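See below for start.cif, which holds mmCIF, C-alpha atoms.
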data_my_file
loop_
_atom_site.label_atom_id
_atom_site.label_comp_id
_atom_site.auth_asym_id
_atom_site.auth_seq_id
_atom_site.Cartn_x
_atom_site.Cartn_y
_atom_site.Cartn_z
CA MET A 1 24.30 -21.20 -42.14
CA HIS A 2 22.56 -23.35 -44.79
CA TRP A 3 22.05 -26.04 -42.17
CA ALA A 4 19.78 -23.68 -40.25
CA GLN A 5 17.36 -22.92 -43.07
CA GLY A 6 13.85 -24.18 -42.42
CA ARG A 7 14.61 -25.47 -38.90
CA TRP A 8 12.05 -24.08 -36.43
CA TYR A 9 14.23 -24.57 -33.36
CA VAL A 10 17.20 -22.46 -34.53
CA PRO A 11 15.89 -19.12 -33.12
CA TRP A 12 15.34 -20.83 -29.77
CA LEU A 13 19.00 -21.84 -29.69
CA PHE A 14 19.94 -18.15 -29.66
CA LEU A 15 17.24 -17.26 -27.13
CA GLY A 16 17.82 -20.26 -24.88
CA VAL A 17 20.50 -18.83 -22.61
CA ALA A 18 18.69 -15.50 -22.16
CA LEU A 19 15.39 -17.27 -21.42
CA LEU A 20 17.12 -19.53 -18.92
CA VAL A 21 18.64 -16.56 -17.08
CA ILE A 22 15.34 -14.65 -17.07
CA SER A 23 13.42 -17.71 -15.87
CA THR A 24 15.91 -18.43 -13.10
CA PHE A 25 16.42 -14.93 -11.74
CA VAL A 26 13.15 -13.15 -12.63
CA LEU A 27 10.18 -15.41 -13.36
CA PHE A 28 10.84 -18.12 -10.77
CA PRO A 29 11.44 -15.64 -7.88
CA PHE A 30 8.32 -13.70 -8.89
CA PHE A 31 5.99 -16.71 -8.91
CA ASN A 32 7.63 -18.09 -5.78
CA THR A 33 6.98 -14.78 -4.00
CA LEU A 34 3.41 -14.83 -5.31
CA LEU A 35 2.84 -18.26 -3.77
CA LEU A 36 4.59 -17.36 -0.51
CA SER A 37 2.35 -14.32 -0.03
CA PHE A 38 -0.62 -16.66 0.56
CA THR A 39 1.17 -18.79 3.17
CA ASP A 40 2.45 -18.39 6.73
CA ALA A 41 5.93 -19.54 5.71
CA THR A 42 8.97 -18.60 7.78
CA LEU A 43 12.68 -18.99 7.18
CA LEU A 44 12.75 -22.43 8.84
CA ARG A 45 9.27 -23.66 7.96
CA GLY A 46 7.51 -24.01 4.65
CA GLY A 47 4.16 -23.00 6.07
CA GLY A 48 0.67 -23.66 4.81
CA PHE A 49 -1.93 -21.88 2.74
CA ILE A 50 -3.73 -19.14 4.71
CA GLY A 51 -5.48 -17.26 1.91
CA VAL A 52 -5.45 -13.48 2.18
CA GLU A 53 -4.63 -13.33 5.91
CA ASN A 54 -1.25 -11.69 5.24
CA PHE A 55 -2.95 -8.91 3.29
CA ARG A 56 -5.52 -8.41 6.04
CA GLU A 57 -2.70 -8.09 8.54
CA LEU A 58 -1.07 -5.47 6.31
CA LEU A 59 -4.14 -3.25 6.61
CA GLY A 60 -3.72 -3.08 10.37
CA ASP A 61 0.08 -2.91 10.43
CA SER A 62 1.22 0.59 11.41
CA ARG A 63 4.74 -0.15 10.12
CA PHE A 64 3.33 -0.90 6.66
CA ARG A 65 1.35 2.35 6.64
CA THR A 66 4.47 4.26 7.70
CA ALA A 67 6.60 2.57 5.03
CA LEU A 68 3.98 3.22 2.36
CA LEU A 69 3.74 6.88 3.37
CA ASN A 70 7.52 7.34 3.33
CA SER A 71 7.93 5.64 -0.05
CA THR A 72 5.05 7.65 -1.53
CA LEU A 73 6.53 10.92 -0.24
CA TYR A 74 9.85 9.85 -1.74
CA VAL A 75 8.24 9.56 -5.17
CA ILE A 76 6.31 12.83 -4.85
CA CYS A 77 9.36 14.85 -3.76
CA VAL A 78 12.20 13.19 -5.69
CA VAL A 79 10.70 12.56 -9.14
CA PRO A 80 9.92 16.18 -10.14
CA VAL A 81 13.44 17.22 -9.14
CA MET A 82 14.95 14.26 -10.99
CA VAL A 83 13.06 15.20 -14.16
CA VAL A 84 13.93 18.92 -14.17
CA LEU A 85 17.32 19.34 -12.45
CA PRO A 86 19.32 16.92 -14.66
CA LEU A 87 17.83 18.64 -17.74
CA ILE A 88 19.04 22.01 -16.50
CA LEU A 89 22.49 20.56 -15.81
CA ALA A 90 22.59 18.93 -19.24
CA ALA A 91 21.67 22.21 -20.92
CA LEU A 92 24.44 23.99 -19.00
CA VAL A 93 27.21 21.49 -19.78
CA ALA A 94 26.18 20.59 -23.34
CA GLY A 95 28.83 21.41 -25.90
CA LYS A 96 32.57 21.00 -26.25
CA GLY A 97 35.41 22.21 -24.10
CA ARG A 98 37.65 20.94 -21.33
CA LEU A 99 35.85 22.92 -18.66
CA LEU A 100 32.47 21.54 -19.68
CA GLY A 101 33.96 18.04 -19.77
CA PHE A 102 35.24 18.54 -16.23
CA PHE A 103 31.79 19.53 -14.99
CA ARG A 104 30.14 16.60 -16.80
CA THR A 105 32.57 14.22 -15.14
CA SER A 106 32.06 15.84 -11.74
CA TYR A 107 28.28 15.57 -11.97
CA TYR A 108 28.49 11.93 -13.07
CA LEU A 109 31.01 10.84 -10.44
CA PRO A 110 28.43 10.09 -7.67
CA VAL A 111 26.67 7.66 -10.03
CA ILE A 112 29.57 5.21 -10.01
CA MET A 113 30.01 5.38 -6.24
CA SER A 114 28.57 2.67 -4.00
CA PRO A 115 25.36 3.71 -2.20
CA VAL A 116 26.90 2.41 1.03
CA ILE A 117 29.97 4.60 0.64
CA VAL A 118 27.85 7.60 -0.29
CA GLY A 119 25.60 6.96 2.71
CA LEU A 120 28.55 6.76 5.08
CA VAL A 121 30.04 9.98 3.70
CA TRP A 122 26.78 11.89 4.11
CA THR A 123 26.19 10.34 7.54
CA ASN A 124 29.43 11.89 8.71
CA LEU A 125 28.66 15.20 6.98
CA LEU A 126 25.15 15.46 8.47
CA ASP A 127 26.00 14.27 11.96
CA ARG A 128 25.54 16.70 14.86
CA ARG A 129 29.33 17.09 14.91
CA GLY A 130 29.66 16.83 11.14
CA LEU A 131 30.89 19.36 8.61
CA VAL A 132 27.43 20.70 7.68
CA ASN A 133 26.53 21.59 11.27
CA ALA A 134 30.03 22.95 11.84
CA VAL A 135 29.67 25.32 8.87
CA LEU A 136 26.16 26.37 9.91
CA GLY A 137 27.43 27.11 13.42
CA TRP A 138 30.46 28.97 12.11
CA VAL A 139 28.29 31.36 10.06
CA SER A 140 25.88 31.67 13.00
CA ALA A 141 22.99 30.29 10.91
CA VAL A 142 21.82 28.01 13.75
CA GLY A 143 22.08 28.18 17.53
CA GLU A 144 22.40 24.42 18.03
CA PRO A 145 23.20 21.46 15.77
CA VAL A 146 20.46 20.56 13.29
CA PRO A 147 19.19 16.97 13.90
CA PHE A 148 19.50 15.84 10.28
CA LEU A 149 19.84 12.18 11.31
CA THR A 150 17.47 12.02 14.28
CA ASP A 151 14.42 14.08 13.37
CA ARG A 152 11.95 12.03 11.35
CA TRP A 153 11.24 14.50 8.56
CA LEU A 154 14.72 16.00 8.38
CA LEU A 155 16.17 12.50 8.05
CA LEU A 156 13.73 11.57 5.30
CA PHE A 157 14.43 14.75 3.33
CA SER A 158 18.17 14.29 3.90
CA ALA A 159 17.88 10.83 2.32
CA MET A 160 15.97 12.37 -0.60
CA PHE A 161 18.76 14.89 -1.08
CA VAL A 162 21.34 12.09 -1.16
CA THR A 163 19.24 10.17 -3.69
CA ILE A 164 19.02 13.23 -5.94
CA TRP A 165 22.74 13.93 -5.56
CA MET A 166 23.56 10.35 -6.57
CA GLY A 167 21.15 10.05 -9.49
CA MET A 168 21.17 13.42 -11.24
CA GLY A 169 24.41 12.66 -13.13
CA TYR A 170 22.94 9.48 -14.61
CA TYR A 171 19.84 11.22 -15.92
CA MET A 172 21.97 14.16 -17.08
CA VAL A 173 23.80 11.81 -19.47
CA ILE A 174 20.46 10.60 -20.88
CA TYR A 175 19.39 14.19 -21.42
CA LEU A 176 22.70 15.00 -23.13
CA ALA A 177 21.97 12.29 -25.68
CA ALA A 178 18.47 13.69 -26.20
CA LEU A 179 19.76 17.27 -26.58
CA ALA A 180 22.10 16.16 -29.35
CA SER A 181 19.07 15.21 -31.47
CA ILE A 182 17.53 18.72 -31.35
CA ASP A 183 17.98 20.65 -34.60
CA PRO A 184 20.39 23.58 -33.91
CA SER A 185 18.45 25.72 -36.40
CA LEU A 186 15.59 25.86 -33.87
CA TYR A 187 17.86 27.73 -31.45
CA ASP A 188 18.97 30.05 -34.25
CA SER A 189 15.34 30.81 -35.15
CA ALA A 190 14.55 31.48 -31.50
CA ALA A 191 17.51 33.86 -31.24
CA VAL A 192 16.34 35.74 -34.33
CA ASP A 193 12.95 36.15 -32.64
CA GLY A 194 14.71 37.69 -29.63
CA ALA A 195 14.46 34.74 -27.28
CA GLY A 196 16.95 34.65 -24.43
CA PRO A 197 18.46 31.58 -22.71
CA VAL A 198 15.40 31.00 -20.50
CA ARG A 199 12.89 31.23 -23.35
CA LYS A 200 15.06 28.97 -25.50
CA PHE A 201 15.11 26.43 -22.69
CA LEU A 202 11.34 26.59 -22.15
CA HIS A 203 10.23 26.71 -25.80
CA VAL A 204 12.93 24.74 -27.62
CA THR A 205 14.83 22.50 -25.24
CA MET A 206 11.96 21.18 -23.12
CA PRO A 207 9.63 20.40 -26.06
CA GLY A 208 12.56 18.73 -27.83
CA VAL A 209 13.14 16.28 -24.99
CA ARG A 210 9.51 15.80 -23.87
CA ASN A 211 9.59 12.04 -24.54
CA THR A 212 12.85 11.70 -22.64
CA MET A 213 11.36 13.59 -19.70
CA GLY A 214 8.53 11.07 -19.58
CA LEU A 215 11.00 8.19 -19.70
CA ILE A 216 13.09 9.65 -16.89
CA GLY A 217 9.94 10.30 -14.88
CA LEU A 218 9.13 6.61 -15.21
CA PHE A 219 12.63 5.41 -14.29
CA SER A 220 12.98 7.78 -11.34
CA SER A 221 9.51 6.90 -10.01
CA ILE A 222 10.36 3.21 -9.84
CA ALA A 223 13.79 3.93 -8.35
CA ALA A 224 12.35 6.30 -5.74
CA PHE A 225 9.65 3.88 -4.64
CA ARG A 226 12.27 1.11 -4.33
CA VAL A 227 14.75 3.23 -2.37
CA PHE A 228 16.75 1.27 0.18
CA GLY A 229 20.49 1.94 0.49
CA GLU A 230 20.43 5.65 1.31
CA VAL A 231 17.79 5.40 4.04
CA TYR A 232 19.28 2.19 5.43
CA VAL A 233 22.76 3.67 5.84
CA LEU A 234 21.61 7.06 7.14
CA THR A 235 19.48 5.35 9.80
CA ASP A 236 22.18 2.75 10.56
CA GLY A 237 19.73 0.04 9.54
CA THR A 238 17.17 0.96 12.20
CA GLY A 239 14.70 2.79 10.01
CA GLY A 240 14.98 5.89 12.18
CA THR A 241 13.71 6.49 15.70
CA GLY A 242 10.90 4.02 16.31
CA GLY A 243 11.05 2.90 12.68
CA ASP A 244 9.49 6.16 11.51
CA ASN A 245 11.67 6.28 8.40
CA LEU A 246 11.09 2.75 7.14
CA THR A 247 10.52 2.39 3.42
CA MET A 248 8.77 -0.45 1.64
CA THR A 249 11.97 -2.22 0.70
CA MET A 250 13.36 -1.83 4.23
CA LEU A 251 10.19 -3.37 5.66
CA ILE A 252 10.49 -6.29 3.24
CA GLN A 253 14.12 -6.75 4.26
CA ARG A 254 13.22 -6.61 7.94
CA GLU A 255 10.39 -9.13 7.64
CA GLY A 256 12.11 -11.45 5.17
CA THR A 257 15.54 -11.92 6.74
CA GLY A 258 16.90 -13.21 10.03
CA LEU A 259 16.02 -16.23 12.14
CA GLN A 260 12.58 -14.77 12.88
CA ALA A 261 11.87 -14.05 9.20
CA ARG A 262 8.27 -14.25 8.05
CA THR A 263 8.83 -14.93 4.38
CA GLY A 264 5.11 -15.26 3.67
CA TYR A 265 4.36 -11.85 5.13
CA ALA A 266 7.36 -10.33 3.34
CA GLY A 267 6.05 -11.85 0.11
CA ALA A 268 2.69 -10.14 0.66
CA ILE A 269 4.41 -6.77 1.11
CA SER A 270 6.45 -7.41 -2.05
CA LEU A 271 3.31 -8.22 -4.01
CA VAL A 272 1.59 -5.02 -2.86
CA MET A 273 4.69 -3.04 -3.79
CA PHE A 274 4.75 -4.69 -7.23
CA ALA A 275 1.08 -3.82 -7.76
CA ILE A 276 1.65 -0.17 -6.83
CA MET A 277 4.60 0.14 -9.21
CA ALA A 278 2.60 -1.54 -11.98
CA VAL A 279 -0.22 0.99 -11.52
CA LEU A 280 2.35 3.79 -11.51
CA LEU A 281 3.83 2.46 -14.75
CA VAL A 282 0.43 2.21 -16.46
CA LEU A 283 -0.60 5.73 -15.40
CA GLN A 284 2.61 7.25 -16.75
CA LEU A 285 2.33 5.34 -20.04
CA VAL A 286 -1.27 6.49 -20.45
CA ALA A 287 -0.25 10.10 -19.74
CA GLN A 288 2.55 9.89 -22.33
CA ASN A 289 0.21 8.45 -24.96
CA ARG A 290 -2.28 11.28 -24.35
CA GLN A 291 0.47 13.85 -24.79
CA ARG A 292 1.48 12.28 -28.11
CA ARG A 293 -2.11 12.31 -29.38
CA ASN A 294 -2.63 15.94 -28.34
CA ARG A 295 0.42 17.18 -30.23
#
Whole structure, structure tokens version:
Amino acid sequence: MHWAQGRWYVPWLFLGVALLVISTFVLFPFFNTLLLSFTDATLLRGGGFIGVENFRELLGDSRFRTALLNSTLYVICVVPVMVVLPLILAALVAGKGRLLGFFRTSYYLPVIMSPVIVGLVWTNLLDRRGLVNAVLGWVSAVGEPVPFLTDRWLLLFSAMFVTIWMGMGYYMVIYLAALASIDPSLYDSAAVDGAGPVRKFLHVTMPGVRNTMGLIGLFSSIAAFRVFGEVYVLTDGTGGTGGDNLTMTMLIQREGTGLQARTGYAGAISLVMFAIMAVLLVLQLVAQNRQRRNR
């Protein structure tokens, strides 16, 4: 590589392909959406500049308020479970052995399944004539079928359950990697002090993976706020009765596709969603930095 010594452009030759891909599929769509959000563009018409009219319309759009509420509730309910439950699972299946390997594989299996397939499976399970209602009726737990897929709140929480079921195996694997870095002597010292499994988990395991918990909290927050597939399939693409279960991404999809698409308005929704996720990211990073300074 003597020919490359002293040539300023050589590093750019290695970065060129990556920068081209990022510019084409990330930067260009972002700035194009940013410009569209200030226009009245549709699918068939470029539209003209209208300033902040799209954002003013958002303030009075009941569908936007519903979608924002649903996506916010998704984050509030899903993220704490996603941070704690996979850690518990990882602590239970950490170690060697065929049985533990079987459980690790079983927990991870939903991760590699398509969200559409998972949604269809759970749609059939949660239907009024599905397996879940059949079992509840068989044990006389309910007098009539539970409307998992028709009641607004039951449908939303059912989608949250599916999201947790699909994602906990992925975060469990991340926790398993973090658990491997904890010094085993800490558990031995805790055992000498008379600590049981619960105290070991609370005072050794959790402090040992604190940074990983923050990272997973960040990942799961973004994923929860961007949820689409589970709710879309469970509601058969309708967003629930009267659109009561619309999420932000579903509203963007509804406004930005089809012959009647309002791409400018969809761009405004996307920009608001981006701003909310950016604020969420900054708040979590600030919280993590404070925790590091306080230790």
### Query
Smallest atom-to-atom distance to Trp153 in chain A: which of A:Leu73, A:Val93, A:Ala223, A:Ala177, using all atoms listed in the file?
A:Leu73
### Evaluate the PyMOL selection byres ((chain A and resi 274-280) around 12) and report residues as number ranges by chain
A: 30, 33-34, 68, 71-72, 75-76, 217-226, 248-249, 267-273, 281-287
Write out as an mmCIF file with C-alpha atoms, keeping the file's coordinate frame the residues lying within 12 Å of Ala180 in chain A, counting all atoms listed in the file and excluding same-chain residues fewer than 5 positions away.
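Result went into result10.cif, see below:
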data_model
loop_
_atom_site.group_PDB
_atom_site.id
_atom_site.type_symbol
_atom_site.label_atom_id
_atom_site.label_comp_id
_atom_site.auth_asym_id
_atom_site.auth_seq_id
_atom_site.Cartn_x
_atom_site.Cartn_y
_atom_site.Cartn_z
ATOM 1 C CA ALA A 90 22.590 18.930 -19.240
ATOM 2 C CA ALA A 91 21.670 22.210 -20.920
ATOM 3 C CA ALA A 94 26.180 20.590 -23.340
ATOM 4 C CA GLY A 95 28.830 21.410 -25.900
ATOM 5 C CA LYS A 96 32.570 21.000 -26.250
ATOM 6 C CA VAL A 173 23.800 11.810 -19.470
ATOM 7 C CA ILE A 174 20.460 10.600 -20.880
ATOM 8 C CA TYR A 175 19.390 14.190 -21.420
ATOM 9 C CA THR A 205 14.830 22.500 -25.240
ATOM 10 C CA GLY A 208 12.560 18.730 -27.830
ATOM 11 C CA VAL A 209 13.140 16.280 -24.990
#
### Task
One decimal, Å: what's the distance from CA of Glu255 in chain A over to CA of Val233 in chain A, could you say?
17.9 Å
### Task
With the file shown as input, list the residues that the PyMOL selection byres ((chain A and resi 231) around 10) selects, as a ChimeraX atom specification.
/A:115,119,155-160,162-163,227-230,232-240,245-247,250
Deliver the residues from the most recent selection as a file, using C-alpha atoms, as a compact mmCIF listing (two decimals), keeping the file's coordinate frame.
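Saved to result-v4.txt:
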# COMPACT_ATOMS: atom_id res chain seq x y z
CA PRO A 115 25.36 3.71 -2.20
CA GLY A 119 25.60 6.96 2.71
CA LEU A 155 16.17 12.50 8.05
CA LEU A 156 13.73 11.57 5.30
CA PHE A 157 14.43 14.75 3.33
CA SER A 158 18.17 14.29 3.90
CA ALA A 159 17.88 10.83 2.32
CA MET A 160 15.97 12.37 -0.60
CA VAL A 162 21.34 12.09 -1.16
CA THR A 163 19.24 10.17 -3.69
CA VAL A 227 14.75 3.23 -2.37
CA PHE A 228 16.75 1.27 0.18
CA GLY A 229 20.49 1.94 0.49
CA GLU A 230 20.43 5.65 1.31
CA TYR A 232 19.28 2.19 5.43
CA VAL A 233 22.76 3.67 5.84
CA LEU A 234 21.61 7.06 7.14
CA THR A 235 19.48 5.35 9.80
CA ASP A 236 22.18 2.75 10.56
CA GLY A 237 19.73 0.04 9.54
CA THR A 238 17.17 0.96 12.20
CA GLY A 239 14.70 2.79 10.01
CA GLY A 240 14.98 5.89 12.18
CA ASN A 245 11.67 6.28 8.40
CA LEU A 246 11.09 2.75 7.14
CA THR A 247 10.52 2.39 3.42
CA MET A 250 13.36 -1.83 4.23
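Across the structure, CA of Val146 in chain A and CA of Ser106 in chain A are spaced 28.0 Å apart.
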### Task
Could you give me, as a count of residues only, the residues within 12 Å of Ala134 in chain A, counting all atoms listed in the file and dropping anything in the same chain fewer than 4 positions from it?
16
Could you put an axis-aligned box around every listed atom of range 148-162 of chain A, padded by 8 Å on each side, and send me its centre and edge lengths in Å to one decimal, as lines of an AutoDock Vina configuration file?
center_x = 16.3
center_y = 13.4
center_z = 6.6
size_x = 26.1
size_y = 21.2
size_z = 31.4
### Task
Write out as a ChimeraX atom specification which residues come within 12 Å of Leu35 in chain A when counting all atoms listed in the file, dropping same-chain ones fewer than 6 positions away.
/A:28-29,41,46-52,54,263-268,270-271
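Closest approach to Val81 in chain A among A:Met213, A:Leu186, A:Met206, A:Leu109: A:Met213, based on all atoms listed in the file.
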#### Entry: Of the listed residues A:Gly214, A:Gly60, A:Gly243, A:Gly169, that which approaches Leu89 in chain A most closely, counting only C-alpha atoms
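The answer is A:Gly169, which sits nearest to Leu89 in chain A.
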Step by step, work through what the PyMOL selection byres ((chain A and resi 204) around 12) selects in the shown file, and finish by giving those residues as a tab-separated table (two decimals) with C-alpha atoms, in the coordinates of the input.
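What landed in part_14.tsv:
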chain	number	residue	atom	x	y	z
A	91	ALA	CA	21.67	22.21	-20.92
A	179	LEU	CA	19.76	17.27	-26.58
A	181	SER	CA	19.07	15.21	-31.47
A	182	ILE	CA	17.53	18.72	-31.35
A	183	ASP	CA	17.98	20.65	-34.60
A	184	PRO	CA	20.39	23.58	-33.91
A	185	SER	CA	18.45	25.72	-36.40
A	186	LEU	CA	15.59	25.86	-33.87
A	187	TYR	CA	17.86	27.73	-31.45
A	188	ASP	CA	18.97	30.05	-34.25
A	189	SER	CA	15.34	30.81	-35.15
A	190	ALA	CA	14.55	31.48	-31.50
A	191	ALA	CA	17.51	33.86	-31.24
A	195	ALA	CA	14.46	34.74	-27.28
A	196	GLY	CA	16.95	34.65	-24.43
A	197	PRO	CA	18.46	31.58	-22.71
A	198	VAL	CA	15.40	31.00	-20.50
A	199	ARG	CA	12.89	31.23	-23.35
A	200	LYS	CA	15.06	28.97	-25.50
A	201	PHE	CA	15.11	26.43	-22.69
A	202	LEU	CA	11.34	26.59	-22.15
A	203	HIS	CA	10.23	26.71	-25.80
A	205	THR	CA	14.83	22.50	-25.24
A	206	MET	CA	11.96	21.18	-23.12
A	207	PRO	CA	9.63	20.40	-26.06
A	208	GLY	CA	12.56	18.73	-27.83
A	209	VAL	CA	13.14	16.28	-24.99
A	210	ARG	CA	9.51	15.80	-23.87
### Query
What gap, in Å, lies between CA of Ile252 in chain A and CA of Arg63 in chain A?
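It comes out at 10.9 Å.
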### Query
Which is closest to Tyr74 in chain A among A:Phe161, A:Ala261, A:Arg290, A:Leu100, if we use all atoms listed in the file?
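With all atoms listed in the file as the atom set, the closest residue is A:Phe161.
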